[in-house]
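Down below is the structure, laid out as structure tokens.
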Amino acid sequence: MRKIKEFVIEKLLLSSALITIAITIGIILVLSIEAFYFFSEVSILDFLTDTEWTPLFTNKHFGIMALLSGTLLTTFIAIAFAVPVGLSISIYLSEYAPKSFRKTIKPLLELLAAVPTVVYGFFALMVVTPFLQGIFPELSGFNALSAGLVMGVMIIPYISSLSEDALHAVPYSLREASYGMGSTRLQNSFRVIVPAASSGIIVSIILAISRAIGETMIVAIAAGQQPRLTFDPTVPVETITSYIVQVSLGDVQHGSLEYRTIFAAGITLFVFTFLLNTLSHKMRKKFREKYE
Amino acid sequence: MNNIRKNRLKDQAFKVWGIACTLLGLVLLLIFLGNIFTDGIQRINWSFLMNLPSRSPEKAGIYTALMGSLWVLSLTTIFALPVGIAAAIYLEEYGKKNKLSSILEVNISNLAGVPSIIYGLLGLEVFVRLMEMGASVMAGSLTLGLLILPIVIVSTREAIKAVPKSIRDASYAMGASKWQTVYFQVLPASFGGILTGVILALSRAVGETAPLIVVGALAYVPFAPLSPMDQFSVLPIQIFNWITRPQPGFVENAAAAIIILLLVTFVMNGIAVYFRNKWQKKLK
Amino acid sequence: MAKEKKESVIESSLKRKYKLQAKDVNVFYDDFQAIKGISMDIKPNSVTAFIGPSGCGKSTFLRLFNRMNDYVDGFRMEGKIFIDDQNINKKKVSVEQLRKQVGMVFQKPNPFPKSIFENVAYGLKIQGIKDKTFLQERVESSLKQVALWDEVKDNLNKSAIALSGGQQQRLCIARTLAVEPSVILMDEPTSALDPLSTAKIEELIHELKNKYTIVIVTHNMQQAGRISDYTAFFYLGEIIEFDKTNKIFTNPEKKQTENYITGRFG
């Protein structure tokens, strides 16, 4: 009797765990099926090589590159800002700062990641853009620069927290050896510790990139709704994510080609983030083996 | 001599740079928050909280959005909590070192990294269309439930891991079964940690916008939901809607609503941190 | 029901020559052999001590009697273990039932993070016993057996973690006694305690012997000499000598035993 109860409970718990696999299968199925229908009407070649994305206009183009460039441009700006700042923070906290400072600052920094992204979008549009327009008058009201910078602020903790853990995990004996030879903290940090923690740092950057690529509201609010293949940060662009939002807000017929474009865009996004996440997972495993 | 001097200067320079970077993010955040505060604080009054949305900014309020957020938060908890905790218990207490366990682990860590908008697409096809729930509170809550499930699982696992092995040993040595040990010893001992994780996951859910937009939460809903199948809006979507309106009055509304949203988010985070500290002390 | 069982256990143990038996036992952890060909017979109502250097298999062997090794990865056993002439590794034997008969006290006191009362009552609770009066009586008698009752009787709802190390360990023993086992296994029960608490527990073991069969692993040879009737000397997974404690400590047969006792190694 008792054994039956234990068996049933174990199977119930197992089925809860299996739901997670069902979710992944669901995502892959949904994206693939709709994308399949999409690609039965639009050739993959066009999708990958066309430079315009205008599925909602009469003259339809389905070049994902236009959306991808918006995604990659904003991501690049975010990373270009967040990596130096985030890394410097992590080195400072790990090698220079007193323990008490580190203890109080770390949770405060993580607060940056807790702010809802719609709030960041508001900042980008209402505060950052006007401010930047004071410096660059040609900056348009919607642009990749503001959105990218604000995204950068949001992902600082992704880089600083994980890199700091990586730096902290480097055995103290390495520092002793370096200081023992008379090096400064700066030399020690950059020549010894950072290289030793490099795989952990790279993991944090990959995760930050993945987060930036998947970000929606900041770009939906501040980056614009004009898909264009460009690397100019001062003009409006559109990202994969903000396109999906744009369509969802409108009145698009279920089952139509226009409806299916959001899944084609979605599957592109999913492939990118999936590859990045898998890469970071593999690297994290390697990194753990190194120190255990 | 000169070289040492140069190196020391570089060292000091980096120290200053490091402090500057650390404070930069926080200072920017303070500036943003200050800006929001000044923009929106005057708009907050009882009528703002109780009014329905309207085309005129002075009359518009966040009542329906607040109610919607409340509904969604409650239903999301009902879905994600039991499933997440059960899955975590299975992985930590019942899982063996086999292929299934490693697949489950890799899968969960992957799901945690999937952009939230993709969950929206999943919810749109499965809940809204396939299961014909329409753009209802139910569909939105299930979607968010799936979104926060990996977070709940990971943090519950951490909480369970923190319970010392000696307690399990003592329980088994007394003839308790696996479930008895989990139910009477492991879960009560990890309760604080689990609670912390759940509150943090929910504070994330309350700020989610994109997946709910995709599922079809409307920006202009003139009534609060009365049943799980009703249409709905949530606070972040209301904010988003007001930001995109041209009339200047709506900027103040957006700022005011943001203040409310941030208040809720920070309070939830604060409660979670409080419980985490209390629980960590208990285990020691 | 438990009371009836106990009487029949005493009755039958009077008839039985041996309470615990091991026959040709080998234990492996993956490729490593931890126990090599051990056979042993333990009489009821006796205290048997396992001594020997660290890592020689004493704890592993002890845990065969309540099957706590089952949870260790790579564990494999050959041979037979009998309790009351019953092979405890047969499929039909319920391991939870076994552990109610065979209790265990660990090296580091491990009370549950619950109240004193709940700790002692736990073993009964998982059997489904809910009768409040019964629980209270059993908790009281168990705490009395370990001489803890007077110290805690007014504070039964206090957290067990607030007790001192020695008190916690006595609580752990009380918790084991509450389910009325017939065998108590102790894995270095006093090595984490101060001398005063150690003395109290040794006194307790001496009294418990009248009702229970006790096997104790200890690093402390003087302790073994003080409290045990029989002693087994373990070395590298084998039993070098097993005999009356008196004989082992005054006139051992094997040279190795003598070397260990006199401190020449270990």
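Going through the structure tokens in order, the chains are called A, B, and so on, while each chain numbers its residues from 1 and the ligands are numbered from 1 in the order shown.
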What residues in chain C have any atom no more than 10 Å from chain B when counting only C-alpha atoms, and can you write them as a ChimeraX atom specification?
/C:63,66-68,71,73,94-106,108-114,122-127,161,172,175-176,179,181
Given the selection you just returned, output its residues as a file containing C-alpha atoms, formatted as a compact mmCIF listing (two decimals), in the first residue's frame.
# COMPACT_ATOMS: atom_id res chain seq x y z
CA ARG C 63 25.87 0.38 7.81
CA ASN C 66 20.51 -0.97 8.39
CA ARG C 67 21.23 -0.85 4.67
CA MET C 68 22.26 2.80 4.68
CA TYR C 71 22.26 5.18 -1.17
CA ASP C 73 26.78 5.26 -5.82
CA SER C 94 10.90 -3.66 3.60
CA VAL C 95 13.88 -1.45 4.26
CA GLU C 96 11.71 1.05 6.13
CA GLN C 97 10.51 -1.73 8.44
CA LEU C 98 14.11 -2.80 8.95
CA ARG C 99 15.14 0.65 10.05
CA LYS C 100 12.46 0.75 12.69
CA GLN C 101 14.03 -2.33 14.18
CA VAL C 102 17.59 -1.16 13.74
CA GLY C 103 18.25 2.41 14.81
CA MET C 104 21.30 4.53 14.05
CA VAL C 105 23.12 7.34 15.83
CA PHE C 106 25.55 9.37 13.75
CA LYS C 108 27.79 14.50 14.22
CA PRO C 109 24.53 15.03 16.08
CA ASN C 110 21.86 15.67 13.46
CA PRO C 111 18.62 16.75 15.12
CA PHE C 112 15.95 17.94 12.74
CA PRO C 113 15.40 21.72 12.62
CA LYS C 114 12.19 21.21 14.57
CA TYR C 122 9.15 11.80 14.26
CA GLY C 123 9.70 8.06 14.07
CA LEU C 124 6.19 7.42 15.35
CA LYS C 125 4.66 10.08 13.13
CA ILE C 126 5.92 8.44 9.97
CA GLN C 127 4.34 5.19 11.08
CA ILE C 161 19.12 23.09 17.40
CA CYS C 172 19.21 11.79 18.69
CA ARG C 175 14.60 9.79 18.89
CA THR C 176 15.93 6.36 17.93
CA VAL C 179 10.34 3.59 17.94
CA PRO C 181 14.13 -0.89 18.01
Near region 221-237 of chain C, counting only C-alpha atoms, which residues have an atom at most 10 Å away, once you skip same-chain residues fewer than 5 positions from it, shown as a PyMOL selection string?
chain C and resi 26-27+33-38+40+42-43+45-58+60-61+190+198-199+202-206+209+214-216+242-249+256-257+260-263+266
Selected residues written out with C-alpha atoms, as a compact mmCIF listing (two decimals), in the first residue's frame:
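Output file again_32.txt follows:
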# COMPACT_ATOMS: atom_id res chain seq x y z
CA ASN C 26 32.34 -8.61 0.50
CA VAL C 27 31.58 -4.96 -0.24
CA GLN C 33 36.84 -3.50 -2.35
CA ALA C 34 36.00 -2.04 1.04
CA ILE C 35 35.13 -5.24 2.91
CA LYS C 36 36.94 -8.55 2.36
CA GLY C 37 35.32 -11.81 3.37
CA ILE C 38 33.97 -10.89 6.81
CA MET C 40 30.64 -12.25 12.34
CA ILE C 42 26.84 -10.83 17.54
CA LYS C 43 24.96 -11.88 20.67
CA ASN C 45 21.97 -7.58 24.65
CA SER C 46 25.66 -7.02 24.22
CA VAL C 47 27.80 -4.07 23.28
CA THR C 48 30.21 -4.77 20.43
CA ALA C 49 32.88 -2.24 19.49
CA PHE C 50 34.49 -1.93 16.06
CA ILE C 51 37.98 -0.46 16.28
CA GLY C 52 40.74 0.12 13.76
CA PRO C 53 42.47 2.85 11.74
CA SER C 54 40.48 5.28 9.60
CA GLY C 55 39.14 4.06 6.31
CA CYS C 56 39.33 0.37 7.17
CA GLY C 57 35.69 -0.37 6.59
CA LYS C 58 34.24 -0.10 10.11
CA THR C 60 30.78 0.62 5.92
CA PHE C 61 30.31 -2.68 7.72
CA THR C 190 30.97 10.80 20.95
CA THR C 198 31.01 11.67 26.32
CA ALA C 199 30.96 10.26 29.85
CA GLU C 202 28.93 6.06 27.79
CA GLU C 203 26.92 5.67 30.98
CA LEU C 204 23.76 5.65 28.89
CA ILE C 205 25.11 2.94 26.59
CA HIS C 206 25.85 0.83 29.62
CA LYS C 209 22.57 -2.73 26.94
CA ILE C 214 24.41 -2.25 20.52
CA VAL C 215 27.19 -2.02 17.96
CA ILE C 216 29.47 0.96 18.19
CA PHE C 242 37.11 -10.54 17.12
CA ASP C 243 36.78 -11.60 20.73
CA LYS C 244 35.78 -10.63 24.25
CA THR C 245 36.97 -7.10 24.93
CA ASN C 246 38.94 -8.23 27.91
CA LYS C 247 40.95 -10.63 25.82
CA ILE C 248 41.57 -8.19 22.98
CA PHE C 249 42.98 -5.55 25.28
CA GLN C 256 48.77 -6.78 14.47
CA THR C 257 46.09 -6.33 17.09
CA TYR C 260 47.39 -1.29 17.15
CA ILE C 261 46.32 -1.49 20.78
CA THR C 262 49.69 -0.39 22.03
CA GLY C 263 49.79 2.47 19.58
CA GLY C 266 47.11 3.80 13.45
Taking only C-alpha atoms into account, which of B:Gly95, B:Gly123, B:Pro228, B:Gly207 comes nearest chain A?
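That would be B:Gly207, the residue with the smallest distance to chain A.
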Take CA of Arg228 (chain A) and CA of Phe57 (chain A) and report the distance between them in Å, one decimal.
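Interatomic distance, CA of Arg228 (chain A) to CA of Phe57 (chain A): 14.3 Å.
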Kindly assemble as a Markdown table a list of the chain B residues that lie within 6 Å of chain A, each paired with its nearest atom pair and their distance in Å to one decimal, using only C-alpha atoms, sorted first by chain and then by ascending residue number.
| residue | atom | partner | partner_atom | distance |
| --- | --- | --- | --- | --- |
| B:Asp11 | CA | A:Leu186 | CA | 5.1 |
| B:Gly18 | CA | A:Tyr92 | CA | 5.2 |
| B:Cys21 | CA | A:Val85 | CA | 5.6 |
| B:Thr22 | CA | A:Ile89 | CA | 5.3 |
| B:Val83 | CA | A:Ser16 | CA | 5.4 |
| B:Ala86 | CA | A:Leu13 | CA | 5.2 |
| B:Ala87 | CA | A:Ala17 | CA | 4.1 |
| B:Tyr90 | CA | A:Leu13 | CA | 5.4 |
| B:Pro115 | CA | A:Gly214 | CA | 4.8 |
| B:Leu122 | CA | A:Ile27 | CA | 5.7 |
| B:Gly207 | CA | A:Pro116 | CA | 4.9 |
| B:Val214 | CA | A:Ser248 | CA | 5.1 |
DSSP on the backbone, then: every residue of region 15-54 of chain B marked alpha helix (DSSP H), written as a VMD selection string.
chain B and resid 15 to 40 46 to 50
By how many Å are CA of Pro233 (chain A) and CA of Leu145 (chain A) apart?
5.0 Å
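Take CA of Val183 (chain C) and CA of Asn69 (chain C): the distance between them is 17.3 Å.
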Using only C-alpha atoms, determine which residues lie at most 8 Å from Ile237 (chain B), disregarding the query and same-chain residues fewer than 5 positions distant; provide the list as a VMD selection string.
chain B and resid 65 209 213 217 to 219
